[in-house]
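Colleague: For reference, this is model.pdb, and it has PDB, C-alpha atoms.
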```pdb
ATOM      1  CA  MET A   1      87.338 101.386 112.946  1.00  0.00           C
ATOM      2  CA  PHE A   2      89.193 103.025 110.119  1.00  0.00           C
ATOM      3  CA  ASP A   3      87.468 104.390 107.007  1.00  0.00           C
ATOM      4  CA  ILE A   4      89.420 102.323 104.493  1.00  0.00           C
ATOM      5  CA  ILE A   5      88.154 104.136 101.399  1.00  0.00           C
ATOM      6  CA  SER A   6      89.004 107.615 102.685  1.00  0.00           C
ATOM      7  CA  ILE A   7      92.506 106.371 103.601  1.00  0.00           C
ATOM      8  CA  LEU A   8      93.043 104.715 100.215  1.00  0.00           C
ATOM      9  CA  LYS A   9      91.355 107.055  97.743  1.00  0.00           C
ATOM     10  CA  ASP A  10      94.026 109.782  97.848  1.00  0.00           C
ATOM     11  CA  GLU A  11      96.661 107.290  96.723  1.00  0.00           C
ATOM     12  CA  LEU A  12      94.666 104.762  94.712  1.00  0.00           C
ATOM     13  CA  PRO A  13      92.283 105.924  91.962  1.00  0.00           C
ATOM     14  CA  ARG A  14      88.807 104.468  91.651  1.00  0.00           C
ATOM     15  CA  PHE A  15      88.382 101.117  89.820  1.00  0.00           C
ATOM     16  CA  LYS A  16      91.943  99.937  90.484  1.00  0.00           C
ATOM     17  CA  LYS A  17      92.487  96.282  91.433  1.00  0.00           C
ATOM     18  CA  VAL A  18      92.613  95.501  95.151  1.00  0.00           C
ATOM     19  CA  LEU A  19      93.377  92.032  96.502  1.00  0.00           C
ATOM     20  CA  GLU A  20      92.102  91.391 100.000  1.00  0.00           C
ATOM     21  CA  LEU A  21      94.199  88.825 101.842  1.00  0.00           C
ATOM     22  CA  GLY A  22      92.053  86.808 104.206  1.00  0.00           C
ATOM     23  CA  SER A  23      88.585  88.111 103.436  1.00  0.00           C
ATOM     24  CA  LYS A  24      87.020  86.127 106.300  1.00  0.00           C
ATOM     25  CA  LYS A  25      83.240  86.661 106.126  1.00  0.00           C
ATOM     26  CA  GLY A  26      83.591  89.601 103.724  1.00  0.00           C
ATOM     27  CA  GLU A  27      83.183  92.466 106.193  1.00  0.00           C
ATOM     28  CA  ASP A  28      85.201  94.854 104.005  1.00  0.00           C
ATOM     29  CA  LEU A  29      84.371  93.418 100.579  1.00  0.00           C
ATOM     30  CA  LYS A  30      81.222  95.486 100.018  1.00  0.00           C
ATOM     31  CA  THR A  31      83.017  98.676 101.026  1.00  0.00           C
ATOM     32  CA  LEU A  32      85.995  97.985  98.773  1.00  0.00           C
ATOM     33  CA  ASP A  33      83.831  96.740  95.889  1.00  0.00           C
ATOM     34  CA  GLY A  34      81.892  99.987  95.826  1.00  0.00           C
ATOM     35  CA  TYR A  35      85.035 101.868  94.852  1.00  0.00           C
ATOM     36  CA  TYR A  36      87.538  99.349  93.455  1.00  0.00           C
ATOM     37  CA  GLU A  37      87.731  96.128  91.485  1.00  0.00           C
ATOM     38  CA  VAL A  38      88.216  93.833  94.447  1.00  0.00           C
ATOM     39  CA  ILE A  39      89.438  90.248  94.569  1.00  0.00           C
ATOM     40  CA  ALA A  40      88.628  88.278  97.717  1.00  0.00           C
ATOM     41  CA  SER A  41      90.877  85.518  99.011  1.00  0.00           C
ATOM     42  CA  GLU A  42      90.905  82.849 101.678  1.00  0.00           C
ATOM     43  CA  ASN A  43      93.229  79.975 102.479  1.00  0.00           C
ATOM     44  CA  GLU A  44      90.635  77.189 102.647  1.00  0.00           C
ATOM     45  CA  LYS A  45      88.221  75.965  99.994  1.00  0.00           C
ATOM     46  CA  VAL A  46      85.257  75.932 102.362  1.00  0.00           C
ATOM     47  CA  LYS A  47      85.864  79.620 103.145  1.00  0.00           C
ATOM     48  CA  THR A  48      86.160  80.552  99.454  1.00  0.00           C
ATOM     49  CA  ARG A  49      82.890  78.690  98.775  1.00  0.00           C
ATOM     50  CA  TYR A  50      81.131  80.788 101.424  1.00  0.00           C
ATOM     51  CA  LEU A  51      82.481  84.013  99.896  1.00  0.00           C
ATOM     52  CA  LYS A  52      81.509  82.939  96.370  1.00  0.00           C
ATOM     53  CA  ASP A  53      77.963  82.225  97.560  1.00  0.00           C
ATOM     54  CA  GLU A  54      77.680  85.487  99.505  1.00  0.00           C
ATOM     55  CA  PHE A  55      79.353  87.803  96.981  1.00  0.00           C
ATOM     56  CA  ILE A  56      78.428  86.481  93.545  1.00  0.00           C
ATOM     57  CA  ASP A  57      79.804  89.533  91.701  1.00  0.00           C
ATOM     58  CA  ILE A  58      83.227  89.457  93.397  1.00  0.00           C
ATOM     59  CA  ARG A  59      86.069  87.245  92.249  1.00  0.00           C
ATOM     60  CA  VAL A  60      87.215  84.865  95.001  1.00  0.00           C
ATOM     61  CA  ILE A  61      90.493  82.940  94.944  1.00  0.00           C
ATOM     62  CA  LEU A  62      92.169  80.345  97.140  1.00  0.00           C
ATOM     63  CA  LEU A  63      95.346  81.989  98.430  1.00  0.00           C
ATOM     64  CA  ASP A  64      97.789  81.625 101.296  1.00  0.00           C
ATOM     65  CA  VAL A  65      98.536  84.987 102.973  1.00  0.00           C
ATOM     66  CA  ILE A  66     102.229  84.174 103.375  1.00  0.00           C
ATOM     67  CA  THR A  67     103.160  82.692  99.990  1.00  0.00           C
ATOM     68  CA  VAL A  68     100.721  84.941  98.066  1.00  0.00           C
ATOM     69  CA  ASP A  69     101.219  82.585  95.143  1.00  0.00           C
ATOM     70  CA  THR A  70      99.126  84.050  92.355  1.00  0.00           C
ATOM     71  CA  HIS A  71      99.954  85.158  88.839  1.00  0.00           C
ATOM     72  CA  LYS A  72      97.449  87.987  89.042  1.00  0.00           C
ATOM     73  CA  LYS A  73      98.833  91.512  89.282  1.00  0.00           C
ATOM     74  CA  VAL A  74      97.053  94.049  91.467  1.00  0.00           C
ATOM     75  CA  ASP A  75      97.381  97.717  92.357  1.00  0.00           C
ATOM     76  CA  CYS A  76      96.915  97.216  96.081  1.00  0.00           C
ATOM     77  CA  VAL A  77      97.092  94.385  98.610  1.00  0.00           C
ATOM     78  CA  TYR A  78      94.787  94.927 101.583  1.00  0.00           C
ATOM     79  CA  SER A  79      94.295  92.967 104.776  1.00  0.00           C
ATOM     80  CA  LYS A  80      92.612  93.449 108.113  1.00  0.00           C
ATOM     81  CA  ASN A  81      93.983  91.401 110.992  1.00  0.00           C
ATOM     82  CA  SER A  82      95.086  88.639 108.611  1.00  0.00           C
ATOM     83  CA  PHE A  83      98.626  88.620 110.009  1.00  0.00           C
ATOM     84  CA  ASP A  84      97.726  88.672 113.706  1.00  0.00           C
ATOM     85  CA  SER A  85      98.504  84.978 114.225  1.00  0.00           C
ATOM     86  CA  PHE A  86     101.848  85.057 112.387  1.00  0.00           C
ATOM     87  CA  ASP A  87     105.334  85.853 113.648  1.00  0.00           C
ATOM     88  CA  LEU A  88     107.559  88.607 112.241  1.00  0.00           C
ATOM     89  CA  SER A  89     109.500  86.314 109.902  1.00  0.00           C
ATOM     90  CA  GLU A  90     106.257  85.058 108.323  1.00  0.00           C
ATOM     91  CA  ILE A  91     104.917  88.600 107.972  1.00  0.00           C
ATOM     92  CA  ASN A  92     108.210  89.637 106.381  1.00  0.00           C
ATOM     93  CA  GLU A  93     108.026  86.715 103.942  1.00  0.00           C
ATOM     94  CA  SER A  94     104.501  87.732 102.968  1.00  0.00           C
ATOM     95  CA  LEU A  95     105.548  91.363 102.451  1.00  0.00           C
ATOM     96  CA  LYS A  96     108.358  90.222 100.124  1.00  0.00           C
ATOM     97  CA  ASN A  97     105.935  87.980  98.214  1.00  0.00           C
ATOM     98  CA  GLN A  98     103.385  90.787  97.913  1.00  0.00           C
ATOM     99  CA  LYS A  99     105.971  92.800  95.969  1.00  0.00           C
ATOM    100  CA  LYS A 100     105.828  90.155  93.204  1.00  0.00           C
ATOM    101  CA  ILE A 101     102.124  90.656  92.525  1.00  0.00           C
ATOM    102  CA  LEU A 102     101.999  94.451  92.698  1.00  0.00           C
ATOM    103  CA  ASN A 103     101.848  96.611  89.604  1.00  0.00           C
ATOM    104  CA  GLU A 104     104.193  99.566  89.305  1.00  0.00           C
ATOM    105  CA  ASN A 105     103.505 102.091  92.098  1.00  0.00           C
ATOM    106  CA  GLY A 106     101.599  99.340  93.886  1.00  0.00           C
ATOM    107  CA  LEU A 107     100.366  99.819  97.429  1.00  0.00           C
ATOM    108  CA  ILE A 108      99.970  97.699 100.510  1.00  0.00           C
ATOM    109  CA  PHE A 109      97.385  98.597 103.127  1.00  0.00           C
ATOM    110  CA  HIS A 110      97.354  96.403 106.214  1.00  0.00           C
ATOM    111  CA  ILE A 111      95.509  96.724 109.493  1.00  0.00           C
ATOM    112  CA  PHE A 112      96.987  95.031 112.568  1.00  0.00           C
ATOM    113  CA  ASP A 113      95.800  94.317 116.097  1.00  0.00           C
ATOM    114  CA  LEU A 114      97.934  96.303 118.563  1.00  0.00           C
ATOM    115  CA  GLU A 115      97.707  93.569 121.194  1.00  0.00           C
ATOM    116  CA  LYS A 116      99.111  90.944 118.830  1.00  0.00           C
ATOM    117  CA  ASN A 117     101.682  92.985 116.892  1.00  0.00           C
ATOM    118  CA  ASP A 118     104.353  95.490 117.841  1.00  0.00           C
ATOM    119  CA  LYS A 119     103.716  98.574 115.721  1.00  0.00           C
ATOM    120  CA  ASN A 120     107.375  99.633 115.546  1.00  0.00           C
ATOM    121  CA  GLU A 121     108.532  96.166 114.490  1.00  0.00           C
ATOM    122  CA  ILE A 122     105.903  96.023 111.739  1.00  0.00           C
ATOM    123  CA  LEU A 123     106.767  99.537 110.516  1.00  0.00           C
ATOM    124  CA  THR A 124     110.466  98.594 110.407  1.00  0.00           C
ATOM    125  CA  LEU A 125     109.684  95.482 108.338  1.00  0.00           C
ATOM    126  CA  ILE A 126     107.514  97.393 105.889  1.00  0.00           C
ATOM    127  CA  ASN A 127     109.988 100.259 105.618  1.00  0.00           C
ATOM    128  CA  SER A 128     112.683  97.959 104.212  1.00  0.00           C
ATOM    129  CA  ASP A 129     110.808  97.375 100.934  1.00  0.00           C
ATOM    130  CA  TYR A 130     108.114 100.025 100.885  1.00  0.00           C
ATOM    131  CA  GLU A 131     107.758 103.750 101.409  1.00  0.00           C
ATOM    132  CA  ILE A 132     105.300 104.373 104.212  1.00  0.00           C
ATOM    133  CA  ILE A 133     102.710 106.927 103.108  1.00  0.00           C
ATOM    134  CA  LYS A 134     100.350 106.881 106.083  1.00  0.00           C
ATOM    135  CA  SER A 135     100.142 105.107 109.390  1.00  0.00           C
ATOM    136  CA  ASP A 136      97.791 105.681 112.262  1.00  0.00           C
ATOM    137  CA  SER A 137      96.404 103.874 115.259  1.00  0.00           C
ATOM    138  CA  ASN A 138      93.486 103.849 117.616  1.00  0.00           C
ATOM    139  CA  GLU A 139      93.265 102.095 120.960  1.00  0.00           C
ATOM    140  CA  LYS A 140      93.034  98.593 119.434  1.00  0.00           C
ATOM    141  CA  GLN A 141      94.469  98.671 115.923  1.00  0.00           C
ATOM    142  CA  PHE A 142      96.956 100.361 113.646  1.00  0.00           C
ATOM    143  CA  TYR A 143      97.227 100.559 109.894  1.00  0.00           C
ATOM    144  CA  VAL A 144     100.022 101.069 107.427  1.00  0.00           C
ATOM    145  CA  LEU A 145      99.593 102.324 103.878  1.00  0.00           C
ATOM    146  CA  ALA A 146     102.810 102.023 101.901  1.00  0.00           C
ATOM    147  CA  LYS A 147     104.035 102.194  98.305  1.00  0.00           C
ATOM    148  CA  LEU A 148     106.391  99.782  96.607  1.00  0.00           C
ATOM    149  CA  VAL A 149     109.812 101.480  96.491  1.00  0.00           C
ATOM    150  CA  ASP A 150     111.744  99.779  93.726  1.00  0.00           C
ATOM    151  CA  PHE A 151     109.525  98.044  91.204  1.00  0.00           C
ATOM    152  CA  ASN A 152     112.407  96.110  89.644  1.00  0.00           C
ATOM    153  CA  GLN A 153     113.576  94.339  92.795  1.00  0.00           C
TER     154      GLN A 153
END
```
Take the structure in this file and express it as structure tokens.

Modeller:
Amino acid sequence: MFDIISILKDELPRFKKVLELGSKKGEDLKTLDGYYEVIASENEKVKTRYLKDEFIDIRVILLDVITVDTHKKVDCVYSKNSFDSFDLSEINESLKNQKKILNENGLIFHIFDLEKNDKNEILTLINSDYEIIKSDSNEKQFYVLAKLVDFNQ
């Protein structure tokens, strides 16, 4: 497991807005909410209902992880294993769409399963639109923390 706050806090000040793509059962919501203004998201209404009932103080929205179709602007987009069932073209589409909702100097912080994703391919995709700040891996997962390169693209 990675300590997501210690990885993020050097680049993202406290109380900034973080959108979690694919919050699942909310494993990381409490951690993120203790430090940031977090927005949870899921792609099905039944899943958002669960999150709203479990985390009454956290905003929950219905959101597709690929289209990322929201008018809300955030300082960071975070996900943990939300892209593991998608192919590279879908991940790339999501990364491009994430650029549209990031504020200036916005960050992306994604954790991937090493068995389901090729680390070098993911890093290459991210590197085309973002500046990679940190990346690390353990035996099962790797993460990438990157900053939006050109805000006006």

Colleague: Could you tell me which residues the PyMOL selection byres ((chain A and resi 92-106) around 8) grabs in this file, written as an MDAnalysis selection string?

Modeller: chainID A and resid 65:77 88:91 107:108 125:126 129 147:149 151

Colleague: Using Å and a single decimal, report how far CA of Ile61 (chain A) sits from CA of Lys45 (chain A).

Modeller: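 CA of Ile61 (chain A) lies at a distance of 8.9 Å from CA of Lys45 (chain A).
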
Colleague: Nearest to Asp57 (chain A): which of A:Ile122, A:Leu8, A:Leu19, A:Ala40 is it, counting all atoms listed in the file?

Modeller: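 Closest candidate: A:Ala40.
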
Colleague: Taking 6 positions as the minimum chain separation for residues in the same chain, which residues sit within 7 Å of Ile111 (chain A) when counting all atoms listed in the file? Answer as a short mmCIF file (atom, residue, chain, number, x, y, z; two decimals) with C-alpha atoms, in the coordinates of the input.

Modeller:
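As written to disk, around.cif reads:
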```
data_model
loop_
_atom_site.label_atom_id
_atom_site.label_comp_id
_atom_site.auth_asym_id
_atom_site.auth_seq_id
_atom_site.Cartn_x
_atom_site.Cartn_y
_atom_site.Cartn_z
CA SER A 79 94.30 92.97 104.78
CA LYS A 80 92.61 93.45 108.11
CA ASN A 81 93.98 91.40 110.99
CA GLN A 141 94.47 98.67 115.92
CA PHE A 142 96.96 100.36 113.65
CA TYR A 143 97.23 100.56 109.89
CA VAL A 144 100.02 101.07 107.43
#
```

Colleague: Measuring atom to atom with all atoms listed in the file, identify which of A:Glu54, A:Leu12, A:Glu121, A:Ile5 is nearest to Lys25 (chain A).

Modeller: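 Ranked by minimum distance to Lys25 (chain A), first place goes to A:Glu54.
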
Colleague: Counting only C-alpha atoms, which residue out of A:Phe86, A:Asp33, A:Val38, A:Ser23 sits closest to Lys116 (chain A)?

Modeller: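 Among the listed residues, A:Phe86 lies closest to Lys116 (chain A).
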
Colleague: Evaluate the PyMOL selection byres ((chain A and resi 39) around 7) here and jot the selected residues down as JSON, numbers by chain.

Modeller: {"A": [18, 19, 20, 37, 38, 40, 41, 58, 59, 60]}

Colleague: Interatomic distance between CA of Asp118 (chain A) and CA of Leu29 (chain A)?

Modeller: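 Interatomic distance, CA of Asp118 (chain A) to CA of Leu29 (chain A): 26.5 Å.
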